[in-house]
file protein-v4.txt (compact mmCIF, C-alpha atoms and all ligand atoms)
# COMPACT_ATOMS: atom_id res chain seq x y z
CA MET A 289 2.08 7.54 28.06
CA SER A 290 2.83 7.07 24.43
CA GLU A 291 0.93 4.32 22.67
CA LEU A 292 2.31 1.89 20.13
CA LEU A 293 0.43 2.46 16.88
CA MET A 294 -0.17 -0.91 15.19
CA ILE A 295 -2.96 -0.07 12.74
CA PRO A 296 -2.65 -0.62 8.97
CA GLY A 297 -1.49 2.97 8.49
CA PRO A 298 -0.49 5.43 9.61
CA VAL A 299 2.25 3.44 11.31
CA GLU A 300 4.97 4.18 13.86
CA PHE A 301 7.44 6.56 12.27
CA GLU A 302 11.17 6.57 12.91
CA ARG A 303 12.44 9.44 15.03
CA ALA A 304 14.86 10.60 12.30
CA VAL A 305 11.96 10.82 9.84
CA LEU A 306 9.92 12.96 12.21
CA GLN A 307 12.95 15.13 12.93
CA ALA A 308 13.54 15.63 9.21
CA MET A 309 9.96 16.81 8.95
CA ALA A 310 10.51 19.35 11.72
CA THR A 311 13.14 21.31 9.77
CA LYS A 312 12.52 24.99 9.21
CA THR A 313 10.66 25.13 5.91
CA PRO A 314 12.92 26.42 3.16
CA SER A 315 11.76 27.76 -0.17
CA HIS A 316 10.66 25.02 -2.51
CA ILE A 317 13.26 26.30 -4.97
CA SER A 318 16.15 26.33 -2.48
CA PRO A 319 19.19 24.26 -3.55
CA ASP A 320 18.92 22.09 -0.45
CA PHE A 321 15.29 21.17 -1.12
CA ILE A 322 15.94 20.59 -4.82
CA GLU A 323 18.63 18.07 -3.86
CA VAL A 324 16.39 16.26 -1.33
CA PHE A 325 13.46 16.07 -3.76
CA GLY A 326 15.66 15.04 -6.69
CA ARG A 327 17.35 12.30 -4.68
CA SER A 328 14.00 11.06 -3.33
CA LEU A 329 12.71 10.58 -6.86
CA GLU A 330 15.81 8.55 -7.72
CA ARG A 331 15.51 6.50 -4.53
CA LEU A 332 11.87 5.67 -5.30
CA ARG A 333 13.05 3.74 -8.36
CA GLU A 334 15.19 1.61 -6.05
CA VAL A 335 12.18 0.92 -3.83
CA PHE A 336 9.83 0.01 -6.69
CA LEU A 337 12.68 -1.95 -8.34
CA THR A 338 12.55 -0.25 -11.70
CA GLU A 339 15.07 1.70 -13.70
CA GLU A 340 12.76 2.98 -16.39
CA GLY A 341 9.77 4.07 -14.25
CA GLN A 342 8.73 7.70 -13.91
CA PRO A 343 8.03 8.64 -10.29
CA PHE A 344 5.40 11.19 -9.25
CA VAL A 345 5.20 12.60 -5.72
CA VAL A 346 2.20 14.87 -5.15
CA ALA A 347 0.55 16.30 -2.04
CA GLY A 348 -2.50 14.20 -1.28
CA SER A 349 -3.47 10.86 0.20
CA GLY A 350 -3.48 7.43 -1.43
CA THR A 351 -6.90 8.09 -2.91
CA LEU A 352 -5.37 10.89 -4.97
CA ALA A 353 -2.78 8.44 -6.28
CA MET A 354 -5.62 6.13 -7.35
CA GLU A 355 -7.38 9.07 -8.93
CA MET A 356 -4.24 10.12 -10.82
CA ALA A 357 -3.86 6.64 -12.30
CA ALA A 358 -7.50 6.57 -13.39
CA ALA A 359 -7.75 10.17 -14.60
CA ASN A 360 -4.66 9.92 -16.77
CA LEU A 361 -5.20 6.50 -18.32
CA ILE A 362 -8.95 6.22 -18.74
CA GLU A 363 -10.98 7.75 -21.54
CA PRO A 364 -14.76 7.51 -21.62
CA GLY A 365 -15.93 4.06 -22.72
CA ASP A 366 -12.66 2.28 -21.87
CA ARG A 367 -13.01 -1.19 -20.42
CA VAL A 368 -11.38 -1.96 -17.10
CA LEU A 369 -11.08 -5.36 -15.42
CA LEU A 370 -10.98 -5.18 -11.64
CA VAL A 371 -9.69 -7.97 -9.43
CA ASP A 372 -12.09 -7.41 -6.56
CA THR A 373 -10.63 -8.22 -3.15
CA GLY A 374 -12.61 -5.83 -0.96
CA TYR A 375 -13.23 -2.27 0.16
CA PHE A 376 -10.40 -0.58 -1.73
CA SER A 377 -11.17 -2.44 -4.95
CA HIS A 378 -14.68 -1.00 -4.73
CA ARG A 379 -13.24 2.48 -4.29
CA PHE A 380 -11.04 1.98 -7.37
CA ALA A 381 -14.08 0.91 -9.38
CA SER A 382 -15.99 4.04 -8.35
CA ILE A 383 -13.08 6.29 -9.30
CA CYS A 384 -12.73 4.63 -12.71
CA GLU A 385 -16.45 4.94 -13.34
CA ARG A 386 -16.25 8.69 -12.65
CA TYR A 387 -13.87 8.95 -15.60
CA GLY A 388 -16.25 7.03 -17.85
CA ALA A 389 -14.78 3.53 -17.62
CA ARG A 390 -16.90 0.41 -18.01
CA VAL A 391 -15.74 -1.71 -15.08
CA THR A 392 -16.04 -5.50 -14.98
CA ARG A 393 -15.30 -7.17 -11.66
CA VAL A 394 -13.85 -10.56 -11.08
CA GLY A 395 -14.22 -11.33 -7.41
CA ALA A 396 -14.18 -14.06 -4.84
CA LYS A 397 -15.74 -14.72 -1.47
CA LEU A 398 -14.67 -12.62 1.51
CA GLY A 399 -11.05 -13.10 2.47
CA ASP A 400 -10.17 -14.83 -0.77
CA LEU A 401 -9.19 -13.88 -4.30
CA PRO A 402 -10.23 -15.05 -7.73
CA SER A 403 -8.04 -17.71 -9.34
CA LEU A 404 -5.68 -16.79 -12.17
CA GLU A 405 -7.85 -18.94 -14.46
CA GLU A 406 -10.89 -16.83 -13.66
CA VAL A 407 -9.01 -13.61 -14.35
CA GLU A 408 -7.65 -15.05 -17.58
CA ARG A 409 -11.13 -16.13 -18.66
CA SER A 410 -12.33 -12.54 -18.23
CA LEU A 411 -9.33 -11.13 -20.09
CA ARG A 412 -10.03 -13.52 -22.94
CA GLY A 413 -13.69 -12.49 -23.04
CA ALA A 414 -13.23 -8.81 -23.93
CA LYS A 415 -10.57 -6.26 -24.81
CA TYR A 416 -9.61 -4.46 -21.61
CA LYS A 417 -7.45 -1.37 -21.45
CA LEU A 418 -6.56 -1.78 -17.78
CA LEU A 419 -6.30 -4.55 -15.24
CA LEU A 420 -6.60 -3.16 -11.70
CA VAL A 421 -5.41 -5.02 -8.65
CA THR A 422 -5.03 -4.13 -4.99
CA HIS A 423 -1.73 -5.63 -3.82
CA VAL A 424 -2.94 -5.88 -0.22
CA ASP A 425 -6.59 -5.15 0.44
CA THR A 426 -6.52 -3.42 3.79
CA SER A 427 -10.11 -4.39 4.54
CA THR A 428 -9.49 -8.14 4.34
CA GLY A 429 -5.71 -8.58 4.62
CA VAL A 430 -5.68 -10.47 1.32
CA LEU A 431 -2.47 -10.42 -0.73
CA VAL A 432 -2.76 -10.89 -4.49
CA ASP A 433 -0.19 -12.52 -6.78
CA VAL A 434 0.86 -9.35 -8.57
CA ALA A 435 3.63 -11.04 -10.57
CA SER A 436 1.25 -13.52 -12.22
CA LEU A 437 -1.51 -10.97 -12.77
CA GLY A 438 0.98 -8.54 -14.33
CA GLY A 439 2.06 -11.33 -16.69
CA LEU A 440 -1.55 -12.05 -17.66
CA ALA A 441 -2.24 -8.36 -18.33
CA ARG A 442 0.76 -8.20 -20.69
CA ARG A 443 -0.33 -11.36 -22.48
CA TYR A 444 -3.77 -9.92 -23.19
CA GLY A 445 -2.56 -6.41 -24.08
CA ALA A 446 -3.92 -4.64 -20.98
CA LEU A 447 -1.98 -2.25 -18.80
CA SER A 448 -1.63 -3.31 -15.19
CA VAL A 449 -2.32 -0.87 -12.36
CA VAL A 450 -1.45 -1.93 -8.82
CA ASP A 451 -2.80 -0.21 -5.72
CA GLY A 452 0.20 -0.70 -3.47
CA VAL A 453 -1.00 1.60 -0.68
CA CYS A 454 -0.87 -1.13 1.97
CA ALA A 455 2.05 -2.98 0.38
CA THR A 456 4.74 -0.91 -1.34
CA GLY A 457 7.95 -0.87 0.67
CA GLY A 458 6.95 -3.99 2.62
CA GLU A 459 5.57 -6.69 0.32
CA GLU A 460 7.81 -8.13 -2.36
CA PHE A 461 7.30 -6.06 -5.49
CA ARG A 462 9.44 -5.86 -8.63
CA GLN A 463 7.84 -3.38 -10.99
CA GLU A 464 10.09 -3.83 -13.99
CA LYS A 465 10.62 -7.58 -13.76
CA TRP A 466 6.91 -8.18 -13.26
CA GLY A 467 5.97 -5.76 -16.06
CA ILE A 468 3.67 -3.58 -13.96
CA ASP A 469 2.60 -0.33 -15.62
CA ILE A 470 1.54 1.78 -12.67
CA CYS A 471 2.13 1.11 -9.03
CA LEU A 472 0.67 3.71 -6.72
CA THR A 473 0.98 4.20 -3.00
CA ALA A 474 0.81 6.68 -0.13
CA SER A 475 3.43 7.77 2.35
CA GLN A 476 1.88 6.65 5.64
CA LYS A 477 2.25 2.90 5.45
CA ALA A 478 5.24 0.74 4.53
CA LEU A 479 7.18 3.76 3.27
CA GLY A 480 7.18 5.09 6.85
CA VAL A 481 6.35 8.78 6.28
CA PRO A 482 3.45 10.71 7.87
CA PRO A 483 0.25 10.91 5.78
CA GLY A 484 0.08 13.41 2.95
CA LEU A 485 2.00 12.13 -0.07
CA ALA A 486 0.49 10.39 -3.09
CA ILE A 487 3.22 8.47 -4.91
CA LEU A 488 3.12 6.75 -8.30
CA MET A 489 5.64 4.91 -10.45
CA VAL A 490 4.64 4.92 -14.11
CA SER A 491 6.09 2.72 -16.87
CA PRO A 492 7.11 4.17 -20.26
CA ARG A 493 4.23 2.17 -21.80
CA ALA A 494 1.70 3.88 -19.53
CA LEU A 495 3.18 7.32 -20.21
CA ASP A 496 2.97 6.57 -23.90
CA LEU A 497 -0.70 5.70 -23.58
CA PHE A 498 -1.26 8.91 -21.64
CA ARG A 499 0.45 10.94 -24.38
CA LYS A 500 -1.79 9.35 -27.03
CA ARG A 501 -5.04 10.33 -25.33
CA ARG A 502 -7.74 11.70 -27.57
CA THR A 503 -9.53 13.57 -24.80
CA PRO A 504 -8.10 15.93 -22.16
CA VAL A 505 -7.60 14.66 -18.62
CA ALA A 506 -10.80 15.64 -16.80
CA ASN A 507 -9.06 16.47 -13.51
CA TYR A 508 -6.80 19.51 -13.51
CA TYR A 509 -4.80 18.78 -10.32
CA ALA A 510 -4.28 15.13 -11.22
CA ASP A 511 -3.13 15.69 -14.81
CA PHE A 512 0.29 14.09 -15.45
CA ALA A 513 0.95 16.92 -17.92
CA ASN A 514 1.09 19.36 -15.01
CA TRP A 515 3.37 17.22 -12.84
CA LEU A 516 5.70 15.51 -15.29
CA PRO A 517 7.79 18.64 -16.02
CA VAL A 518 8.07 19.27 -12.28
CA MET A 519 9.31 15.74 -11.53
CA GLU A 520 11.74 15.84 -14.44
CA ALA A 521 13.09 19.22 -13.37
CA TYR A 522 13.72 18.27 -9.74
CA GLU A 523 15.40 15.08 -10.80
CA ALA A 524 17.67 17.14 -13.05
CA ARG A 525 18.31 19.26 -9.92
CA LYS A 526 16.38 22.25 -11.20
CA ALA A 527 13.43 23.98 -9.63
CA SER A 528 10.04 23.98 -11.24
CA TYR A 529 6.53 24.82 -10.13
CA PHE A 530 3.01 23.63 -10.63
CA GLY A 531 1.55 23.43 -7.11
CA THR A 532 3.62 24.16 -4.00
CA PRO A 533 5.22 20.89 -2.95
CA PRO A 534 4.73 19.65 0.64
CA VAL A 535 8.30 20.63 1.47
CA ASN A 536 8.52 19.18 4.99
CA LEU A 537 6.89 15.91 4.04
CA ILE A 538 9.39 15.53 1.24
CA TYR A 539 12.22 16.03 3.75
CA ALA A 540 10.67 13.22 5.76
CA LEU A 541 10.35 11.08 2.62
CA GLY A 542 14.00 11.71 1.78
CA GLU A 543 15.06 10.50 5.23
CA SER A 544 12.84 7.43 5.16
CA LEU A 545 13.98 6.42 1.67
CA GLU A 546 17.62 6.60 2.77
CA GLU A 547 16.77 4.23 5.64
CA ILE A 548 14.82 1.88 3.35
CA VAL A 549 17.55 1.72 0.75
CA SER A 550 20.25 1.18 3.37
CA GLU A 551 18.25 -1.74 4.82
CA GLY A 552 17.96 -3.09 1.25
CA MET A 553 14.75 -4.22 -0.42
CA GLU A 554 15.43 -7.96 -0.12
CA ALA A 555 16.11 -7.61 3.62
CA ARG A 556 13.02 -5.48 3.98
CA PHE A 557 10.76 -8.00 2.22
CA ARG A 558 12.22 -10.73 4.44
CA ARG A 559 11.74 -8.76 7.68
CA HIS A 560 8.10 -8.11 6.78
CA ARG A 561 7.58 -11.81 6.05
CA ILE A 562 9.09 -12.91 9.35
CA ILE A 563 7.34 -10.45 11.63
CA SER A 564 4.07 -11.23 9.90
CA GLU A 565 4.60 -14.96 10.36
CA ALA A 566 5.45 -14.37 14.02
CA PHE A 567 2.28 -12.38 14.59
CA LYS A 568 0.09 -14.85 12.71
CA ALA A 569 1.65 -17.80 14.55
CA ALA A 570 0.82 -16.06 17.82
CA MET A 571 -2.81 -15.56 16.83
CA THR A 572 -3.11 -19.21 15.81
CA ALA A 573 -1.55 -20.31 19.10
CA LEU A 574 -4.20 -18.26 20.92
CA GLY A 575 -6.91 -20.07 18.97
CA LEU A 576 -7.90 -17.04 16.88
CA LYS A 577 -8.87 -17.45 13.22
CA GLN A 578 -7.76 -15.13 10.45
CA VAL A 579 -9.82 -13.64 7.65
CA PRO A 580 -7.63 -14.73 4.72
CA ALA A 581 -6.22 -18.23 4.39
CA LEU A 582 -2.52 -18.13 5.26
CA GLU A 583 -1.46 -18.77 1.63
CA VAL A 584 -3.13 -15.54 0.52
CA ALA A 585 -2.47 -13.45 3.61
CA ALA A 586 -0.58 -10.15 3.52
CA HIS A 587 2.71 -9.65 5.35
CA THR A 588 2.12 -5.97 6.07
CA MET A 589 -0.99 -6.54 8.18
CA SER A 590 -3.25 -9.17 9.68
CA ALA A 591 -7.05 -9.42 9.89
CA ILE A 592 -8.23 -11.57 12.80
CA TYR A 593 -11.70 -12.72 13.83
CA TYR A 594 -12.74 -12.02 17.40
CA PRO A 595 -13.14 -15.31 19.24
CA GLU A 596 -16.55 -16.57 20.30
CA GLY A 597 -18.09 -14.29 22.93
CA VAL A 598 -15.70 -11.38 22.32
CA GLY A 599 -16.42 -8.26 20.24
CA LYS A 600 -15.04 -4.86 19.51
CA GLU A 601 -14.70 -3.97 23.21
CA LEU A 602 -11.45 -5.92 22.85
CA LEU A 603 -9.96 -2.92 21.03
CA GLY A 604 -10.43 -0.76 24.15
CA GLU A 605 -8.85 -3.44 26.32
CA ILE A 606 -5.86 -3.61 23.98
CA ARG A 607 -5.55 0.16 24.08
CA GLU A 608 -5.60 0.05 27.89
CA ARG A 609 -2.36 -1.87 27.42
CA SER A 610 -0.86 0.98 25.33
CA VAL A 611 -1.21 -0.66 21.93
CA VAL A 612 -3.58 0.67 19.27
CA VAL A 613 -5.02 -1.73 16.71
CA ALA A 614 -7.86 -1.14 14.25
CA GLY A 615 -11.40 -2.46 14.01
CA GLY A 616 -12.87 -4.15 10.95
CA LEU A 617 -13.45 -2.16 7.76
CA HIS A 618 -15.27 -4.30 5.25
CA PRO A 619 -18.94 -3.28 5.56
CA ARG A 620 -20.17 -6.87 5.19
CA PHE A 621 -18.54 -8.13 8.38
CA LYS A 622 -16.72 -5.31 10.12
CA GLU A 623 -18.15 -6.15 13.55
CA ARG A 624 -16.54 -9.58 13.47
CA TYR A 625 -12.81 -8.89 13.12
CA PHE A 626 -9.97 -6.53 13.91
CA ARG A 627 -6.84 -5.50 12.04
CA VAL A 628 -3.22 -5.11 13.00
CA GLY A 629 -0.61 -3.34 10.86
CA HIS A 630 3.00 -4.54 11.01
CA MET A 631 4.86 -2.66 8.32
CA GLY A 632 7.40 0.07 7.71
CA GLY A 633 9.84 0.08 10.60
CA ALA A 634 7.90 -2.59 12.53
CA ARG A 635 10.22 -4.93 14.41
CA GLY A 636 10.13 -7.96 16.67
CA SER A 637 9.69 -5.91 19.83
CA HIS A 638 6.55 -4.30 18.38
CA ILE A 639 5.12 -7.73 17.62
CA LEU A 640 5.81 -8.97 21.14
CA ALA A 641 4.30 -5.86 22.72
CA THR A 642 1.20 -6.24 20.54
CA VAL A 643 0.78 -9.96 21.20
CA GLY A 644 1.25 -9.30 24.93
CA ALA A 645 -1.42 -6.59 24.89
CA ILE A 646 -3.82 -8.84 22.94
CA GLU A 647 -3.28 -11.69 25.42
CA GLY A 648 -3.97 -9.36 28.35
CA ALA A 649 -7.07 -7.99 26.65
CA LEU A 650 -8.38 -11.47 25.81
CA GLN A 651 -7.90 -12.56 29.39
CA ALA A 652 -9.76 -9.48 30.64
CA SER A 653 -12.60 -10.29 28.21
CA GLY A 654 -13.06 -13.74 29.72
CA TYR A 655 -11.68 -15.71 26.79
CA ARG A 656 -10.04 -18.93 27.91
CA PHE A 657 -6.59 -19.76 26.58
CA GLU A 658 -3.12 -20.56 27.79
CA LEU A 659 -1.59 -17.24 28.85
CA GLY A 660 1.77 -16.71 27.12
CA ALA A 661 1.08 -19.18 24.28
CA GLY A 662 1.01 -16.38 21.71
CA LEU A 663 4.26 -14.87 22.96
CA VAL A 664 6.01 -18.23 22.85
CA ALA A 665 4.83 -18.88 19.29
CA ALA A 666 5.93 -15.41 18.15
CA GLN A 667 9.34 -15.70 19.84
CA LYS A 668 10.02 -18.95 18.00
CA VAL A 669 9.46 -17.34 14.61
CA LEU A 670 11.28 -14.13 15.50
CA LYS A 671 14.45 -16.12 16.12
CA GLY A 672 14.73 -16.24 12.32
CA LEU A 673 15.00 -12.43 12.06
N1 LIG B 1 -5.84 1.64 -1.09
C1 LIG B 1 -5.53 0.88 -0.03
C2 LIG B 1 -5.18 -0.55 -0.26
C3 LIG B 1 -5.54 1.45 1.24
O1 LIG B 1 -5.23 0.70 2.30
C4 LIG B 1 -5.88 2.80 1.41
C5 LIG B 1 -5.90 3.45 2.78
N2 LIG B 1 -6.13 2.65 3.85
C6 LIG B 1 -6.19 3.54 0.27
C7 LIG B 1 -6.15 2.92 -0.96
C8 LIG B 1 -6.57 4.97 0.37
O2 LIG B 1 -5.51 5.71 0.86
P1 LIG B 1 -5.75 7.07 1.66
O3 LIG B 1 -6.52 6.74 2.89
O4 LIG B 1 -4.34 7.53 1.95
O5 LIG B 1 -6.49 7.97 0.74

call {"tool": "encode", "arguments": {"input": "protein-v4.txt", "output": "structure tokens", "more": "lines below"}}
Ligand code: PMP
result
Amino acid sequence: MSELLMIPGPVEFERAVLQAMATKTPSHISPDFIEVFGRSLERLREVFLTEEGQPFVVAGSGTLAMEMAAANLIEPGDRVLLVDTGYFSHRFASICERYGARVTRVGAKLGDLPSLEEVERSLRGAKYKLLLVTHVDTSTGVLVDVASLGGLARRYGALSVVDGVCATGGEEFRQEKWGIDICLTASQKALGVPPGLAILMVSPRALDLFRKRRTPVANYYADFANWLPVMEAYEARKASYFGTPPVNLIYALGESLEEIVSEGMEARFRRHRIISEAFKAAMTALGLKQVPALEVAAHTMSAIYYPEGVGKELLGEIRERSVVVAGGLHPRFKERYFRVGHMGGARGSHILATVGAIEGALQASGYRFELGAGLVAAQKVLKGL
């Protein structure tokens, strides 16, 4: 029996996207592929809400996208300020340090984020080249205020880099209006495409900084100089080559981007907000606590503490009911919570199936609650869809 995949990526993919991926692989310089790749690059601007951004689509996972941002912008000795919200912030710090950055962290307690005042105090204290933020930290389910942080970075002359891996295509994000310099993501989450694509949107200011580097980019595969001519060529509907593109994945991307754009970004942000609220309302109705406070909680995923007396065996019970959710990830408390992804094409029926499976699993684990209370709470919110 097929299971419903409700982890924070990869997610459930639309049938049309999977079918697009199953096309016979044409040459990467065939006219049909050139058109699909070229149009996908144009569509990405619509998703990131920018007209001036330069998209990059490269074979690799989200970590490669992080690495590309760091490798191309950082020169040894550069100062980087990191808004530390969890596991993926730590990864970003390690990547930046590999390229010689001096990283300063401004953090908060688990499941929370530093205040804007704290970030501003740090920005005032030293001259930073980059401000790094994780839009949604997948380990804690914390959502940061990217608009305000982007504004702060501009005010203090730093470039802003947003890890949007668990957010882009689901959480509200307006790259140009918010003045974000690089937003990076991966295909397998809210963009609804199987894993394997690293995607970045780079502002003219960031490209300018890259062009003014004094030292060569220390990573050959990640070097913008190798990829920029390729992206420009495909967008001009010409072939070009640096590394063989993941042709079938780009067909899948093309299909998914058409679906995203036809839904419309505002409708998409709204759908993510509502299904997230429905799921979170259900968890509250069941008496379960969430890792982040609701004001700073993501809409693409939820992180929920196991109730008293229940542990990770709950995941197996949920799976018995044909729904797959994820365990904890943050090393400091991963035994104490589980995570549910609700992004990309996620809809009300997925939320209800997941809440139903969680209720059944909780009951089997001996937890006492009113059966159906979660479903009722979710249904009430889903009426707004
Ligand atoms: N950043 C965030 C916020 C993520 O959620 C992930 C993946 N879960 C990554 C970076 C790394 O992406 P990947 O696993 O595709 O390398």

call {"tool": "closest_residue", "arguments": {"input": "protein-v4.txt", "among": "A:Glu323, A:Asp366, A:Glu608, A:Asp433", "to": "Asp400 (chain A)", "atoms": "all atoms listed in the file"}}
result
A:Asp433

call {"tool": "residues_near_ligand", "arguments": {"input": "protein-v4.txt", "ligand": "ligand LIG 1 (chain B)", "cutoff": "9 Å", "atoms": "all atoms listed in the file", "output": "ChimeraX atom specification"}}
result
/A:296-298,348-354,375-377,379-380,422-427,451-455,472-477,483-486

call {"tool": "atom_distance", "arguments": {"input": "protein-v4.txt", "atom1": "CA of Val579 (chain A)", "atom2": "CA of Cys384 (chain A)"}}
result
27.5 Å

call {"tool": "residues_near_point", "arguments": {"input": "protein-v4.txt", "point": "(-17.5, -11.3, 15.8)", "cutoff": "10 Å", "atoms": "only C-alpha atoms", "output": "list in words"}}
result
Ile592, Tyr593, Tyr594, Pro595, Glu596, Gly597, Val598, Gly599, Lys600, Gly616, Phe621, Lys622, Glu623, Arg624, Tyr625 and Phe626 of chain A

call {"tool": "residues_around", "arguments": {"input": "protein-v4.txt", "residues": "region 538-545 of chain A", "least_positions_apart": "3", "cutoff": "10 Å", "atoms": "all atoms listed in the file", "output": "PyMOL selection string"}}
result
chain A and resi 301-302+304-311+313+320-321+323-332+334-335+345-347+457+475+479-482+484-485+533-535+548-551+632-633

call {"tool": "atom_distance", "arguments": {"input": "protein-v4.txt", "atom1": "CA of Gln342 (chain A)", "atom2": "CA of Ala494 (chain A)"}}
result
9.8 Å

call {"tool": "closest_residue", "arguments": {"input": "protein-v4.txt", "among": "A:Val611, A:Val584, A:Val299, A:Leu401", "to": "Ala641 (chain A)", "atoms": "all atoms listed in the file"}}
result
A:Val611

call {"tool": "atom_distance", "arguments": {"input": "protein-v4.txt", "atom1": "CA of Ser410 (chain A)", "atom2": "CA of Pro492 (chain A)"}}
result
25.7 Å

call {"tool": "residues_around", "arguments": {"input": "protein-v4.txt", "residues": "Ser491 (chain A)", "least_positions_apart": "4", "cutoff": "9 Å", "atoms": "all atoms listed in the file", "output": "ChimeraX atom specification"}}
result
/A:338,340-342,463-464,467-471,495-496

call {"tool": "write_last_selection", "arguments": {"input": "protein-v4.txt", "atoms": "C-alpha atoms", "output": "PDB file, keeping the file's coordinate frame"}}
result
ATOM      1  CA  THR A 338      12.550  -0.250 -11.700  1.00  0.00           C
ATOM      2  CA  GLU A 340      12.760   2.980 -16.390  1.00  0.00           C
ATOM      3  CA  GLY A 341       9.770   4.070 -14.250  1.00  0.00           C
ATOM      4  CA  GLN A 342       8.730   7.700 -13.910  1.00  0.00           C
ATOM      5  CA  GLN A 463       7.840  -3.380 -10.990  1.00  0.00           C
ATOM      6  CA  GLU A 464      10.090  -3.830 -13.990  1.00  0.00           C
ATOM      7  CA  GLY A 467       5.970  -5.760 -16.060  1.00  0.00           C
ATOM      8  CA  ILE A 468       3.670  -3.580 -13.960  1.00  0.00           C
ATOM      9  CA  ASP A 469       2.600  -0.330 -15.620  1.00  0.00           C
ATOM     10  CA  ILE A 470       1.540   1.780 -12.670  1.00  0.00           C
ATOM     11  CA  CYS A 471       2.130   1.110  -9.030  1.00  0.00           C
ATOM     12  CA  LEU A 495       3.180   7.320 -20.210  1.00  0.00           C
ATOM     13  CA  ASP A 496       2.970   6.570 -23.900  1.00  0.00           C
TER      14      ASP A 496
END

call {"tool": "residues_around", "arguments": {"input": "protein-v4.txt", "residues": "Gly629 (chain A)", "least_positions_apart": "5", "cutoff": "7 Å", "atoms": "only C-alpha atoms", "output": "ChimeraX atom specification"}}
result
/A:294-297,588-590

call {"tool": "closest_residue", "arguments": {"input": "protein-v4.txt", "among": "A:Ala661, A:Leu673, A:Ala359, A:Ala591", "to": "Tyr509 (chain A)", "atoms": "all atoms listed in the file"}}
result
A:Ala359

call {"tool": "closest_residue", "arguments": {"input": "protein-v4.txt", "among": "A:Pro504, A:Gly439, A:Gly531, A:Gly575", "to": "Leu419 (chain A)", "atoms": "all atoms listed in the file"}}
result
A:Gly439

call {"tool": "closest_residue", "arguments": {"input": "protein-v4.txt", "among": "A:Glu565, A:Glu460, A:Glu339, A:Glu605", "to": "Lys671 (chain A)", "atoms": "all atoms listed in the file"}}
result
A:Glu565

call {"tool": "axis_aligned_box", "arguments": {"input": "protein-v4.txt", "around": "region 483-495 of chain A", "padding_each_side": "6 Å", "output": "JSON"}}
result
{"center_x": 3.6, "center_y": 7.8, "center_z": -8.0, "size_x": 19.0, "size_y": 23.2, "size_z": 39.6}

call {"tool": "closest_residue", "arguments": {"input": "protein-v4.txt", "among": "A:Gly662, A:Gly438, A:Gly445, A:Pro319", "to": "Ala573 (chain A)", "atoms": "all atoms listed in the file"}}
result
A:Gly662

call {"tool": "residues_around", "arguments": {"input": "protein-v4.txt", "residues": "Val518 (chain A)", "least_positions_apart": "2", "cutoff": "7 Å", "atoms": "only C-alpha atoms", "output": "CSV table (one decimal) with C-alpha atoms, keeping the file's coordinate frame"}}
result
chain,number,residue,atom,x,y,z
A,515,TRP,CA,3.4,17.2,-12.8
A,516,LEU,CA,5.7,15.5,-15.3
A,520,GLU,CA,11.7,15.8,-14.4
A,521,ALA,CA,13.1,19.2,-13.4
A,522,TYR,CA,13.7,18.3,-9.7
A,528,SER,CA,10.0,24.0,-11.2
A,529,TYR,CA,6.5,24.8,-10.1
A,530,PHE,CA,3.0,23.6,-10.6
